[in-house]
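Colleague: Mind looking over this structure? Questions follow.
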Amino acid sequence: MKSIKKNTLIIRTIESGTIREDYAVAASVHLTLVYFVSGSGGEINLTPRVHLVGDGSSATVLGLVKGTKSASIQIHTLQHHKAPNTTSNLLIKSVLSDKSECKYDGGIRVDASAQKTDAYQRNENLLLDEHTKAVSSPALEILANDVRCTHGAVVKTLDENELWYLSTRGIDRGVSRSMIAEGFLLSAFSQIADGDERRQVEERMPFTV
Amino acid sequence: MGQRSPVSSKYKYGFHKPENYMFKSQKGLDEAVVLDISNQKGEPRWMRERRLMAYKIFGMKHMPMWGADLSTIDFNDIFYYIRPTDKKANTWEDLPPEIRDTYDRIGIPEAEKKFLSGVSAQYESEVVYKSIQTALSKKGVIFLDMDSALREYPDLVRQYFGTVIPSGDNKFAALNTCVWSGGSFVYVPAGVHVDLPLQAYFRINAANMGQFERTLIIAEEGSYVHYVEGCTAPIYSTDSLHSAVVEIIVKKGARVRYTTIQNWSSNVYNLVTKRAKVEEEGTMEWVDGNLGSKITMKYPSVYLMGRKARGEVLSIAYAGAGQHQDAGGKAVHYAPETTSQIISKSISRGGGRTSYRGLIEVFAGAKNCKSKVVCDALILDEASRSDTYPTMKIGEPRTQIEHEATVSKIGDEQLFYLQSRGVTKEIAQSMIVNGFIEPIVKELPLEYAVEMNRLIQLQMEGSVG
C-alpha cells in the first residue's frame, strides 16, 4: 500500500506481466493515475486498487489499452471509499485488434461510513477485428445511502457512418480506422481536470493506434 | 417498517388456515419420496425416470457459490409434495369452504369478475380451481395445470419438457425436476392471439412445505399470449422453499409476455429458474416484480436463437427489513440481428438489500446484435444496501452493447422542490419512488399496477428518517 499525501500524478506504462498496486489517498488529496497498457502477444494482468481513506480525498484512474495479435489483457480495479465526501472517477478504454482480448472486472465499494461518496466507473471497448473479444464485469457494492455511484460499459465496433464521413473527405479506410480508434482512446484525457497534468499525460503517451 | 406494511412481520395476508390434506409425503427427500410422488400422480414411465435421473443430478450439484446466503436451507426439513383435495373443482361454489375463504380474502373473485379470462389457482401443491372461458378452447389454446397436461397431452409435454432448462442446468432446476408438482401448461396454436392475459394465482399454506411448480408455455408461429402469475403466501414459523422452473418456447414470429408479481411472505426462499428460447423474429418479454420473500434469486433469461429475435426483461425489486432480492436478467445472443433490453429498478429500505445480477453474452458470428442494460437503484436509508453485478461477454465485434447503472438516494433537490410546493416530505418521497418505478408499473395489467402502487405507498409510510 502506497500512501498518497499530496496531489500526485502517476503515469505507468505496462507491456507485460502481473502488476498489483494499492494506493491510499489521504484527506483532501487528489491522485491521478494513468495506465498505458499495450499487449501484443502474451498475458497482462493489472490490478490497481485505490483506497480513499481520508475525508474529501479523490482519485481519477485512467486506463488506455491497446491489444494486438493474441494479447490477453486482464484488468481488475477497485475503488474503495472508506471515508466521507470522497470522489472517484475511473475510465478504462480498450482498442482490440487481431485476436486480442480484454477482460475487465472492477468494483466500487462504498463502506457504510463513506457518506456523500460520488463514484464513477466506466469501461469502453472498441473491437476492430473479427476474432477479438471483450468481457466486462463491473460491480457496485454500496453500503451507505447518501451517495451517487454510477457505472457503465460499452462494447462496440467502428461506426460505418463515421467511416463513411471520413471516406467522403478523401481519407482511406485504413487511415480512418486508426484515426477513429486513436480518437476513441485519446478522449479519455478529457477526464483529467488539471491542464498541466493533462499535457504531461498527452506527451507521455507511449504508443499510437 | 410501517405497521401496515405487507412484507414486514405483520404480513397482510399472514393468516394460516388449518391443514386438510388427502396426501402428504414425508419430510425430506430420497428416491422413495420421488417414486411416491410419481406413483401418486400415476405418471407415465418416462416422467418417473426423468424425476429419478434429476434426483441423482440434484445430489451431485453444488449449491451456488455466489448470490444470496442459502446456508440455512435444510433440504431434509421440507415436505416435497402435498395434495389438498382429490378432485378438482370447476366453480367457486364447488371449492372446499376454507380454500374459498382464503381466496376471498385476497380478492380473487373480484379480480376474476373484472379481467380474467381464465383462473388457475394453485392452493398447496396442486391446482384445485380452474375456469377457462370456452373461447380459449375454441381457438385451440390449451391452458391446464401441468399434472393434467401430462395426463391429457402426454406427447406434447414430452416433446418440450426440459428442453429449455435441462435437469442439469443448476441444483434447483434438478430439485424442481425431481419433485415438481403443479404449475401451468399453455399451448397456443399458430397464428392465435390470446387477447386477455391468462392468470394463475399461486398459494402455499403449509408450514415447511416446498412449492415446486413447473410451467411450460409453447407459442407456435405468429401467436401471442400474455401469462400473468401473482403470488401471495401466508406467514409461517419456519422457512419455506419455493423453487419453480418456467420454460417458454417462442416460435418464429410469436410473442410471449410473462408477468410476475412475487409477494411471498417474508420467510420464503424463492429460487426460481426462468428461461425462454426465442426463434426467428420472435419476441419474449419478462416483466418481473419482486416485493416479498426472505431471499429471492431469479434471473429471467432470453436465449435468442433465431435471426432478429428480441428479448426484454423489466425487473423491479423491493427489499425491506430482512430481505435480500438478488434479481436481474440474462440475454444470450446466438443469432445475428438479435436485440435485447434489460431494465432494472430496485429499492432498498429498512436494512434490506437489493442486488442486480445479469449477463449479456454474444457469440462470435451473431453480427449486428444490440443490447442495452439500464439498472437504477434507490437506497432509502443508512441501514440498506444495493449491489450491481453485471457481466458482458462479447465475442463478436459487430455489436453494440451498453450497460449503465446508477445507485443513489432520493435527491434533496427533488424533495425540496415538492416540499416548497406544500407537499409533505412523506408524500413527496412516495411520489418520487412511484415515479422511479413507473416505467415498469405501466407495463403491468391494470389491477396489478393498482396493487403495486398501493404496496409501494404502504411501504413508504413512516419512512421519513
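Going by the C-alpha cells order, chains are called A, B, ..., each with residues numbered from 1, while ligands are numbered from 1 in the order shown.
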With 8 Å as the limit and counting only C-alpha atoms, what residues in chain B lie close to chain A? Please list them as a PyMOL selection string.

Modeller: chain B and resi 364+379-409

Colleague: Export N, CA, C and O atoms of the chosen residues as a short mmCIF file (atom, residue, chain, number, x, y, z; two decimals), in the first residue's frame?

Modeller:
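Final file, part-v7.cif:
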```cif
data_model
loop_
_atom_site.label_atom_id
_atom_site.label_comp_id
_atom_site.auth_asym_id
_atom_site.auth_seq_id
_atom_site.Cartn_x
_atom_site.Cartn_y
_atom_site.Cartn_z
N ALA B 364 -19.58 -15.33 -31.20
CA ALA B 364 -18.99 -14.94 -32.47
C ALA B 364 -19.92 -15.36 -33.59
O ALA B 364 -20.49 -16.45 -33.57
N ILE B 379 -31.44 3.82 -2.64
CA ILE B 379 -31.23 3.37 -1.26
C ILE B 379 -31.89 4.41 -0.37
O ILE B 379 -31.56 5.58 -0.45
N LEU B 380 -32.83 3.95 0.45
CA LEU B 380 -33.63 4.94 1.18
C LEU B 380 -33.14 5.24 2.58
O LEU B 380 -33.59 6.19 3.20
N ASP B 381 -32.25 4.43 3.13
CA ASP B 381 -31.73 4.77 4.46
C ASP B 381 -30.36 4.16 4.69
O ASP B 381 -29.87 3.38 3.88
N GLU B 382 -29.77 4.51 5.81
CA GLU B 382 -28.38 4.13 6.08
C GLU B 382 -28.19 2.63 6.27
O GLU B 382 -27.11 2.11 6.03
N ALA B 383 -29.24 1.95 6.70
CA ALA B 383 -29.08 0.53 7.03
C ALA B 383 -29.13 -0.37 5.80
O ALA B 383 -28.82 -1.53 5.86
N SER B 384 -29.50 0.19 4.67
CA SER B 384 -29.77 -0.65 3.50
C SER B 384 -28.57 -0.74 2.57
O SER B 384 -27.61 0.01 2.69
N ARG B 385 -28.66 -1.65 1.62
CA ARG B 385 -27.53 -1.92 0.75
C ARG B 385 -28.01 -2.22 -0.67
O ARG B 385 -29.07 -2.79 -0.87
N SER B 386 -27.18 -1.82 -1.63
CA SER B 386 -27.52 -2.11 -3.02
C SER B 386 -26.27 -2.53 -3.78
O SER B 386 -25.22 -1.92 -3.64
N ASP B 387 -26.37 -3.59 -4.57
CA ASP B 387 -25.23 -4.07 -5.36
C ASP B 387 -25.64 -4.20 -6.82
O ASP B 387 -26.80 -4.41 -7.13
N THR B 388 -24.65 -4.11 -7.67
CA THR B 388 -24.88 -4.32 -9.11
C THR B 388 -23.78 -5.21 -9.64
O THR B 388 -22.60 -4.88 -9.50
N TYR B 389 -24.13 -6.35 -10.18
CA TYR B 389 -23.14 -7.29 -10.71
C TYR B 389 -23.49 -7.69 -12.15
O TYR B 389 -24.06 -8.77 -12.35
N PRO B 390 -23.20 -6.84 -13.09
CA PRO B 390 -23.50 -7.23 -14.47
C PRO B 390 -22.28 -7.92 -15.09
O PRO B 390 -21.16 -7.73 -14.63
N THR B 391 -22.49 -8.75 -16.08
CA THR B 391 -21.38 -9.33 -16.83
C THR B 391 -21.69 -9.24 -18.31
O THR B 391 -22.82 -9.49 -18.72
N MET B 392 -20.68 -8.83 -19.08
CA MET B 392 -20.85 -8.81 -20.53
C MET B 392 -19.76 -9.64 -21.16
O MET B 392 -18.58 -9.39 -20.93
N LYS B 393 -20.13 -10.64 -21.93
CA LYS B 393 -19.15 -11.46 -22.63
C LYS B 393 -19.42 -11.30 -24.12
O LYS B 393 -20.41 -11.81 -24.63
N ILE B 394 -18.52 -10.59 -24.79
CA ILE B 394 -18.81 -10.24 -26.17
C ILE B 394 -17.75 -10.84 -27.09
O ILE B 394 -16.60 -10.44 -27.06
N GLY B 395 -18.14 -11.81 -27.89
CA GLY B 395 -17.21 -12.47 -28.79
C GLY B 395 -17.41 -12.08 -30.24
O GLY B 395 -16.87 -12.73 -31.13
N GLU B 396 -18.21 -11.04 -30.46
CA GLU B 396 -18.47 -10.62 -31.84
C GLU B 396 -18.30 -9.11 -31.93
O GLU B 396 -18.99 -8.38 -31.22
N PRO B 397 -17.36 -8.65 -32.79
CA PRO B 397 -17.11 -7.21 -32.82
C PRO B 397 -18.28 -6.38 -33.36
O PRO B 397 -18.51 -5.28 -32.89
N ARG B 398 -19.01 -6.93 -34.33
CA ARG B 398 -20.07 -6.10 -34.91
C ARG B 398 -21.31 -6.11 -34.04
O ARG B 398 -22.36 -6.67 -34.36
N THR B 399 -21.18 -5.49 -32.88
CA THR B 399 -22.29 -5.44 -31.95
C THR B 399 -22.33 -4.07 -31.29
O THR B 399 -21.39 -3.29 -31.40
N GLN B 400 -23.40 -3.81 -30.62
CA GLN B 400 -23.50 -2.57 -29.87
C GLN B 400 -24.09 -2.91 -28.51
O GLN B 400 -25.26 -3.23 -28.39
N ILE B 401 -23.22 -2.88 -27.51
CA ILE B 401 -23.63 -3.33 -26.19
C ILE B 401 -23.43 -2.19 -25.20
O ILE B 401 -22.35 -1.61 -25.14
N GLU B 402 -24.45 -1.87 -24.46
CA GLU B 402 -24.33 -0.79 -23.49
C GLU B 402 -24.87 -1.23 -22.14
O GLU B 402 -25.88 -1.93 -22.07
N HIS B 403 -24.19 -0.78 -21.13
CA HIS B 403 -24.67 -1.05 -19.78
C HIS B 403 -24.51 0.22 -18.94
O HIS B 403 -23.49 0.88 -19.01
N GLU B 404 -25.52 0.54 -18.18
CA GLU B 404 -25.44 1.69 -17.29
C GLU B 404 -26.10 1.32 -15.98
O GLU B 404 -27.14 0.68 -15.97
N ALA B 405 -25.49 1.75 -14.91
CA ALA B 405 -26.13 1.52 -13.62
C ALA B 405 -25.88 2.70 -12.72
O ALA B 405 -24.82 3.31 -12.74
N THR B 406 -26.87 3.04 -11.94
CA THR B 406 -26.74 4.15 -11.01
C THR B 406 -27.36 3.75 -9.67
O THR B 406 -28.41 3.13 -9.64
N VAL B 407 -26.64 4.08 -8.61
CA VAL B 407 -27.19 3.88 -7.28
C VAL B 407 -27.21 5.23 -6.58
O VAL B 407 -26.21 5.94 -6.59
N SER B 408 -28.33 5.60 -6.04
CA SER B 408 -28.37 6.90 -5.36
C SER B 408 -29.49 6.91 -4.34
O SER B 408 -30.24 5.95 -4.20
N LYS B 409 -29.57 8.02 -3.61
CA LYS B 409 -30.72 8.19 -2.72
C LYS B 409 -31.68 9.15 -3.40
O LYS B 409 -31.42 9.63 -4.50
#
```

Colleague: Which parts of stretch 16-191 of chain A does DSSP call alpha helix (DSSP H) when run on the backbone here, written out as a PyMOL selection string?

Modeller: chain A and resi 160-167+173-186

Colleague: I'd like to know which residues of stretch 61-149 of chain A are strand (DSSP E) (by DSSP, run on the backbone); could you write them as an mmCIF file with N, CA, C and O atoms, in the first residue's frame?

Modeller:
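Okay, this is what ended up in states12.cif:
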```cif
data_model
loop_
_atom_site.group_PDB
_atom_site.id
_atom_site.type_symbol
_atom_site.label_atom_id
_atom_site.label_comp_id
_atom_site.auth_asym_id
_atom_site.auth_seq_id
_atom_site.Cartn_x
_atom_site.Cartn_y
_atom_site.Cartn_z
ATOM 1 N N VAL A 61 -8.722 7.592 -12.253
ATOM 2 C CA VAL A 61 -7.942 6.460 -12.743
ATOM 3 C C VAL A 61 -8.281 6.245 -14.215
ATOM 4 O O VAL A 61 -9.450 6.065 -14.561
ATOM 5 N N LEU A 62 -7.250 6.308 -15.056
ATOM 6 C CA LEU A 62 -7.483 6.082 -16.477
ATOM 7 C C LEU A 62 -6.673 4.893 -16.947
ATOM 8 O O LEU A 62 -5.527 4.703 -16.546
ATOM 9 N N GLY A 63 -7.264 4.094 -17.820
ATOM 10 C CA GLY A 63 -6.533 3.005 -18.450
ATOM 11 C C GLY A 63 -6.734 3.087 -19.953
ATOM 12 O O GLY A 63 -7.874 3.074 -20.416
ATOM 13 N N LEU A 64 -5.641 3.234 -20.699
ATOM 14 C CA LEU A 64 -5.732 3.220 -22.156
ATOM 15 C C LEU A 64 -5.084 1.934 -22.632
ATOM 16 O O LEU A 64 -3.890 1.716 -22.406
ATOM 17 N N VAL A 65 -5.871 1.081 -23.230
ATOM 18 C CA VAL A 65 -5.425 -0.274 -23.519
ATOM 19 C C VAL A 65 -5.428 -0.517 -25.017
ATOM 20 O O VAL A 65 -6.409 -0.218 -25.702
ATOM 21 N N LYS A 66 -4.304 -1.061 -25.469
ATOM 22 C CA LYS A 66 -4.219 -1.428 -26.874
ATOM 23 C C LYS A 66 -3.820 -2.899 -26.957
ATOM 24 O O LYS A 66 -2.798 -3.306 -26.427
ATOM 25 N N GLY A 67 -4.657 -3.694 -27.594
ATOM 26 C CA GLY A 67 -4.349 -5.117 -27.721
ATOM 27 C C GLY A 67 -4.189 -5.492 -29.187
ATOM 28 O O GLY A 67 -5.026 -5.144 -30.018
ATOM 29 N N SER A 72 -3.656 -11.167 -24.325
ATOM 30 C CA SER A 72 -4.750 -11.387 -23.390
ATOM 31 C C SER A 72 -4.530 -10.448 -22.213
ATOM 32 O O SER A 72 -3.562 -10.583 -21.469
ATOM 33 N N ILE A 73 -5.386 -9.469 -22.095
ATOM 34 C CA ILE A 73 -5.183 -8.421 -21.096
ATOM 35 C C ILE A 73 -6.292 -8.500 -20.061
ATOM 36 O O ILE A 73 -7.476 -8.479 -20.396
ATOM 37 N N GLN A 74 -5.878 -8.631 -18.822
ATOM 38 C CA GLN A 74 -6.866 -8.672 -17.740
ATOM 39 C C GLN A 74 -6.656 -7.489 -16.821
ATOM 40 O O GLN A 74 -5.543 -7.244 -16.384
ATOM 41 N N ILE A 75 -7.737 -6.789 -16.542
ATOM 42 C CA ILE A 75 -7.640 -5.632 -15.664
ATOM 43 C C ILE A 75 -8.685 -5.765 -14.562
ATOM 44 O O ILE A 75 -9.863 -5.992 -14.830
ATOM 45 N N HIS A 76 -8.212 -5.672 -13.336
ATOM 46 C CA HIS A 76 -9.116 -5.738 -12.180
ATOM 47 C C HIS A 76 -8.932 -4.435 -11.418
ATOM 48 O O HIS A 76 -7.818 -4.101 -11.060
ATOM 49 N N THR A 77 -9.990 -3.715 -11.169
ATOM 50 C CA THR A 77 -9.822 -2.457 -10.438
ATOM 51 C C THR A 77 -10.706 -2.451 -9.198
ATOM 52 O O THR A 77 -11.713 -3.145 -9.133
ATOM 53 N N LEU A 78 -10.287 -1.657 -8.234
ATOM 54 C CA LEU A 78 -11.129 -1.444 -7.061
ATOM 55 C C LEU A 78 -11.098 0.040 -6.701
ATOM 56 O O LEU A 78 -10.041 0.655 -6.646
ATOM 57 N N GLN A 79 -12.265 0.595 -6.493
ATOM 58 C CA GLN A 79 -12.385 1.943 -5.948
ATOM 59 C C GLN A 79 -13.061 1.768 -4.590
ATOM 60 O O GLN A 79 -14.256 1.500 -4.532
ATOM 61 N N HIS A 80 -12.251 1.869 -3.562
ATOM 62 C CA HIS A 80 -12.782 1.602 -2.228
ATOM 63 C C HIS A 80 -12.951 2.908 -1.453
ATOM 64 O O HIS A 80 -11.975 3.551 -1.083
ATOM 65 N N HIS A 81 -14.194 3.267 -1.217
ATOM 66 C CA HIS A 81 -14.482 4.512 -0.497
ATOM 67 C C HIS A 81 -14.648 4.193 0.981
ATOM 68 O O HIS A 81 -15.618 3.560 1.382
ATOM 69 N N THR A 87 -14.447 11.160 -3.761
ATOM 70 C CA THR A 87 -14.859 11.098 -5.161
ATOM 71 C C THR A 87 -13.892 10.203 -5.919
ATOM 72 O O THR A 87 -12.676 10.301 -5.737
ATOM 73 N N SER A 88 -14.410 9.332 -6.765
ATOM 74 C CA SER A 88 -13.520 8.581 -7.641
ATOM 75 C C SER A 88 -14.117 8.505 -9.036
ATOM 76 O O SER A 88 -15.326 8.457 -9.206
ATOM 77 N N ASN A 89 -13.208 8.531 -10.019
ATOM 78 C CA ASN A 89 -13.640 8.531 -11.407
ATOM 79 C C ASN A 89 -12.713 7.601 -12.169
ATOM 80 O O ASN A 89 -11.519 7.852 -12.253
ATOM 81 N N LEU A 90 -13.256 6.517 -12.674
ATOM 82 C CA LEU A 90 -12.415 5.535 -13.342
ATOM 83 C C LEU A 90 -12.906 5.293 -14.761
ATOM 84 O O LEU A 90 -14.101 5.161 -14.997
ATOM 85 N N LEU A 91 -11.964 5.277 -15.700
ATOM 86 C CA LEU A 91 -12.324 5.013 -17.096
ATOM 87 C C LEU A 91 -11.281 4.104 -17.720
ATOM 88 O O LEU A 91 -10.091 4.424 -17.740
ATOM 89 N N ILE A 92 -11.699 2.961 -18.204
ATOM 90 C CA ILE A 92 -10.797 2.035 -18.887
ATOM 91 C C ILE A 92 -11.291 1.900 -20.322
ATOM 92 O O ILE A 92 -12.438 1.518 -20.556
ATOM 93 N N LYS A 93 -10.399 2.256 -21.266
ATOM 94 C CA LYS A 93 -10.796 2.166 -22.678
ATOM 95 C C LYS A 93 -9.871 1.213 -23.398
ATOM 96 O O LYS A 93 -8.658 1.301 -23.258
ATOM 97 N N SER A 94 -10.428 0.304 -24.178
ATOM 98 C CA SER A 94 -9.560 -0.608 -24.912
ATOM 99 C C SER A 94 -9.873 -0.599 -26.401
ATOM 100 O O SER A 94 -11.028 -0.466 -26.794
ATOM 101 N N VAL A 95 -8.804 -0.699 -27.189
ATOM 102 C CA VAL A 95 -8.941 -0.881 -28.629
ATOM 103 C C VAL A 95 -8.304 -2.230 -28.945
ATOM 104 O O VAL A 95 -7.126 -2.452 -28.664
ATOM 105 N N LEU A 96 -9.092 -3.146 -29.496
ATOM 106 C CA LEU A 96 -8.607 -4.509 -29.690
ATOM 107 C C LEU A 96 -8.610 -4.879 -31.169
ATOM 108 O O LEU A 96 -9.605 -4.678 -31.859
ATOM 109 N N GLU A 101 -7.766 -10.006 -26.652
ATOM 110 C CA GLU A 101 -8.944 -9.922 -25.800
ATOM 111 C C GLU A 101 -8.651 -9.088 -24.564
ATOM 112 O O GLU A 101 -7.505 -8.989 -24.114
ATOM 113 N N CYS A 102 -9.693 -8.474 -24.054
ATOM 114 C CA CYS A 102 -9.558 -7.690 -22.829
ATOM 115 C C CYS A 102 -10.663 -8.110 -21.876
ATOM 116 O O CYS A 102 -11.839 -8.101 -22.223
ATOM 117 N N LYS A 103 -10.241 -8.515 -20.672
ATOM 118 C CA LYS A 103 -11.224 -8.876 -19.650
ATOM 119 C C LYS A 103 -11.121 -7.869 -18.527
ATOM 120 O O LYS A 103 -10.071 -7.736 -17.913
ATOM 121 N N TYR A 104 -12.212 -7.181 -18.307
ATOM 122 C CA TYR A 104 -12.210 -6.170 -17.258
ATOM 123 C C TYR A 104 -13.187 -6.571 -16.167
ATOM 124 O O TYR A 104 -14.327 -6.917 -16.441
ATOM 125 N N ASP A 105 -12.723 -6.562 -14.912
ATOM 126 C CA ASP A 105 -13.701 -6.567 -13.840
ATOM 127 C C ASP A 105 -13.295 -5.547 -12.809
ATOM 128 O O ASP A 105 -12.113 -5.365 -12.518
ATOM 129 N N GLY A 106 -14.272 -4.843 -12.334
ATOM 130 C CA GLY A 106 -13.951 -3.749 -11.430
ATOM 131 C C GLY A 106 -15.016 -3.576 -10.394
ATOM 132 O O GLY A 106 -16.179 -3.871 -10.626
ATOM 133 N N GLY A 107 -14.614 -3.115 -9.239
ATOM 134 C CA GLY A 107 -15.573 -2.926 -8.169
ATOM 135 C C GLY A 107 -15.545 -1.511 -7.632
ATOM 136 O O GLY A 107 -14.493 -0.870 -7.590
ATOM 137 N N ILE A 108 -16.722 -1.054 -7.263
ATOM 138 C CA ILE A 108 -16.798 0.143 -6.433
ATOM 139 C C ILE A 108 -17.357 -0.347 -5.111
ATOM 140 O O ILE A 108 -18.407 -0.989 -5.068
ATOM 141 N N ARG A 109 -16.646 -0.094 -4.055
ATOM 142 C CA ARG A 109 -17.129 -0.499 -2.747
ATOM 143 C C ARG A 109 -17.285 0.758 -1.907
ATOM 144 O O ARG A 109 -16.335 1.541 -1.766
ATOM 145 N N VAL A 110 -18.464 0.978 -1.374
ATOM 146 C CA VAL A 110 -18.697 2.151 -0.538
ATOM 147 C C VAL A 110 -19.054 1.668 0.863
ATOM 148 O O VAL A 110 -20.100 1.055 1.069
ATOM 149 N N ASP A 118 -19.142 10.063 -4.209
ATOM 150 C CA ASP A 118 -19.527 10.183 -5.613
ATOM 151 C C ASP A 118 -18.550 9.307 -6.394
ATOM 152 O O ASP A 118 -17.359 9.584 -6.429
ATOM 153 N N ALA A 119 -19.045 8.221 -6.962
ATOM 154 C CA ALA A 119 -18.134 7.282 -7.618
ATOM 155 C C ALA A 119 -18.602 6.976 -9.027
ATOM 156 O O ALA A 119 -19.797 6.805 -9.260
ATOM 157 N N TYR A 120 -17.658 6.920 -9.939
ATOM 158 C CA TYR A 120 -17.993 6.645 -11.324
ATOM 159 C C TYR A 120 -17.023 5.634 -11.893
ATOM 160 O O TYR A 120 -15.829 5.671 -11.609
ATOM 161 N N GLN A 121 -17.547 4.738 -12.674
ATOM 162 C CA GLN A 121 -16.707 3.684 -13.238
ATOM 163 C C GLN A 121 -17.210 3.375 -14.635
ATOM 164 O O GLN A 121 -18.399 3.168 -14.837
ATOM 165 N N ARG A 122 -16.296 3.390 -15.589
ATOM 166 C CA ARG A 122 -16.747 3.137 -16.955
ATOM 167 C C ARG A 122 -15.717 2.313 -17.711
ATOM 168 O O ARG A 122 -14.513 2.502 -17.557
ATOM 169 N N ASN A 123 -16.202 1.390 -18.518
ATOM 170 C CA ASN A 123 -15.340 0.542 -19.329
ATOM 171 C C ASN A 123 -15.875 0.558 -20.760
ATOM 172 O O ASN A 123 -17.030 0.251 -21.001
ATOM 173 N N GLU A 124 -15.021 0.990 -21.709
ATOM 174 C CA GLU A 124 -15.440 1.023 -23.111
ATOM 175 C C GLU A 124 -14.471 0.203 -23.944
ATOM 176 O O GLU A 124 -13.261 0.309 -23.783
ATOM 177 N N ASN A 125 -15.022 -0.599 -24.813
ATOM 178 C CA ASN A 125 -14.201 -1.468 -25.650
ATOM 179 C C ASN A 125 -14.556 -1.282 -27.114
ATOM 180 O O ASN A 125 -15.724 -1.337 -27.489
ATOM 181 N N LEU A 126 -13.527 -1.078 -27.920
ATOM 182 C CA LEU A 126 -13.736 -0.948 -29.359
ATOM 183 C C LEU A 126 -13.101 -2.166 -30.029
ATOM 184 O O LEU A 126 -11.889 -2.369 -29.952
ATOM 185 N N LEU A 127 -13.933 -2.996 -30.636
ATOM 186 C CA LEU A 127 -13.441 -4.224 -31.259
ATOM 187 C C LEU A 127 -13.257 -3.979 -32.761
ATOM 188 O O LEU A 127 -14.214 -3.685 -33.462
ATOM 189 N N LYS A 133 -12.210 -10.135 -28.545
ATOM 190 C CA LYS A 133 -13.216 -10.467 -27.533
ATOM 191 C C LYS A 133 -13.109 -9.517 -26.343
ATOM 192 O O LYS A 133 -12.007 -9.184 -25.919
ATOM 193 N N ALA A 134 -14.234 -9.103 -25.824
ATOM 194 C CA ALA A 134 -14.232 -8.260 -24.629
ATOM 195 C C ALA A 134 -15.173 -8.847 -23.593
ATOM 196 O O ALA A 134 -16.289 -9.241 -23.916
ATOM 197 N N VAL A 135 -14.729 -8.913 -22.363
ATOM 198 C CA VAL A 135 -15.585 -9.326 -21.255
ATOM 199 C C VAL A 135 -15.540 -8.212 -20.226
ATOM 200 O O VAL A 135 -14.468 -7.733 -19.861
ATOM 201 N N SER A 136 -16.677 -7.775 -19.783
ATOM 202 C CA SER A 136 -16.725 -6.658 -18.850
ATOM 203 C C SER A 136 -17.642 -6.998 -17.695
ATOM 204 O O SER A 136 -18.795 -7.339 -17.896
ATOM 205 N N SER A 137 -17.113 -6.950 -16.484
ATOM 206 C CA SER A 137 -17.929 -7.206 -15.295
ATOM 207 C C SER A 137 -17.701 -6.133 -14.252
ATOM 208 O O SER A 137 -16.935 -6.322 -13.318
ATOM 209 N N PRO A 138 -18.335 -5.018 -14.430
ATOM 210 C CA PRO A 138 -18.234 -4.002 -13.380
ATOM 211 C C PRO A 138 -19.142 -4.385 -12.214
ATOM 212 O O PRO A 138 -20.089 -5.130 -12.397
ATOM 213 N N ALA A 139 -18.832 -3.932 -11.040
ATOM 214 C CA ALA A 139 -19.686 -4.271 -9.890
ATOM 215 C C ALA A 139 -19.764 -3.101 -8.921
ATOM 216 O O ALA A 139 -18.787 -2.385 -8.720
ATOM 217 N N LEU A 140 -20.935 -2.937 -8.354
ATOM 218 C CA LEU A 140 -21.122 -1.903 -7.329
ATOM 219 C C LEU A 140 -21.560 -2.578 -6.042
ATOM 220 O O LEU A 140 -22.458 -3.407 -6.056
ATOM 221 N N GLU A 141 -20.927 -2.212 -4.930
ATOM 222 C CA GLU A 141 -21.411 -2.681 -3.631
ATOM 223 C C GLU A 141 -21.518 -1.473 -2.718
ATOM 224 O O GLU A 141 -20.514 -0.909 -2.304
ATOM 225 N N ILE A 142 -22.751 -1.089 -2.441
ATOM 226 C CA ILE A 142 -22.983 0.185 -1.783
ATOM 227 C C ILE A 142 -23.632 -0.034 -0.429
ATOM 228 O O ILE A 142 -24.755 -0.521 -0.338
ATOM 229 N N ARG A 148 -23.796 8.813 -4.670
ATOM 230 C CA ARG A 148 -24.169 8.667 -6.064
ATOM 231 C C ARG A 148 -23.087 7.810 -6.728
ATOM 232 O O ARG A 148 -21.925 8.209 -6.780
ATOM 233 N N CYS A 149 -23.447 6.640 -7.183
ATOM 234 C CA CYS A 149 -22.489 5.745 -7.803
ATOM 235 C C CYS A 149 -23.046 5.298 -9.139
ATOM 236 O O CYS A 149 -24.185 4.878 -9.232
#
```

Colleague: Calculate how many Å separate atom CA of B:Asp69 from atom CA of B:Ile440, rounding to one decimal.

Modeller: 27.8 Å

Colleague: Mind checking which residues fall within 12 Å of A:Ile11, counting only C-alpha atoms, ignoring those fewer than 6 positions away in the same chain, and posting them as a list in words?

Modeller: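 The filter keeps Leu31, Thr32, Leu33, Val34, Tyr35, Phe36, Val37, Thr60, Val61, Leu62, Gly63, Leu64, Glu197, Arg198, Gln200, Val201, Glu202, Glu203, Arg204, Met205 and Pro206 of chain A.
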
Colleague: Quick one, how far is atom CA of B:Lys298 from atom CA of B:Gln26?

Modeller: 28.0 Å

Colleague: If you measure from atom CA of B:Ile165 to atom CA of B:Lys139, what distance in Å do you get, rounded to one decimal?

Modeller: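 Interatomic distance here is 28.2 Å.
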
Colleague: Need to verify the contact set: stretch 37-52 of chain B, 8 Å, only C-alpha atoms, exclusion of same-chain residues closer than 5 positions in sequence. Can you return it as a ChimeraX atom specification?

Modeller: /B:25,31,81,147,150-151,177-179

Colleague: Include C-alpha atoms and write out the residues we just selected as a short mmCIF file (atom, residue, chain, number, x, y, z; two decimals), in the first residue's frame.

Modeller:
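Once written, selection20.cif looks like this:
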```cif
data_model
loop_
_atom_site.label_atom_id
_atom_site.label_comp_id
_atom_site.auth_asym_id
_atom_site.auth_seq_id
_atom_site.Cartn_x
_atom_site.Cartn_y
_atom_site.Cartn_z
CA SER B 25 -45.39 -37.03 1.63
CA GLU B 31 -35.58 -41.88 -4.03
CA TYR B 81 -45.49 -33.00 -2.04
CA ASP B 147 -50.31 -32.56 -13.95
CA LEU B 150 -49.20 -34.61 -18.62
CA ARG B 151 -52.28 -36.86 -18.47
CA THR B 177 -37.46 -31.68 -11.96
CA CYS B 178 -37.43 -34.48 -9.40
CA VAL B 179 -40.27 -33.21 -7.20
#
```

Colleague: Which residues are near B:Glu221? Cut-off 7 Å, only C-alpha atoms, ignore same chain within fewer than 4 positions. Put them as a ChimeraX atom specification.

Modeller: /B:190-191,251-254

Colleague: Restricting the calculation to only C-alpha atoms: of A:Asn45, A:Gln191, A:Asn161, A:Thr208, which residue gets closest to A:Met179?

Modeller: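 When distances to A:Met179 are compared using only C-alpha atoms, the smallest one comes from A:Thr208.
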
Colleague: Residues near A:Gly42, anyone? I mean within 7 Å using only C-alpha atoms, not counting same-chain ones fewer than 2 positions away, as a list of chain:residue names.

Modeller: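 Result of the neighbour search: A:Ser16, A:Gly39, A:Ser40, A:Ile44, A:Ala71, A:Ser72.
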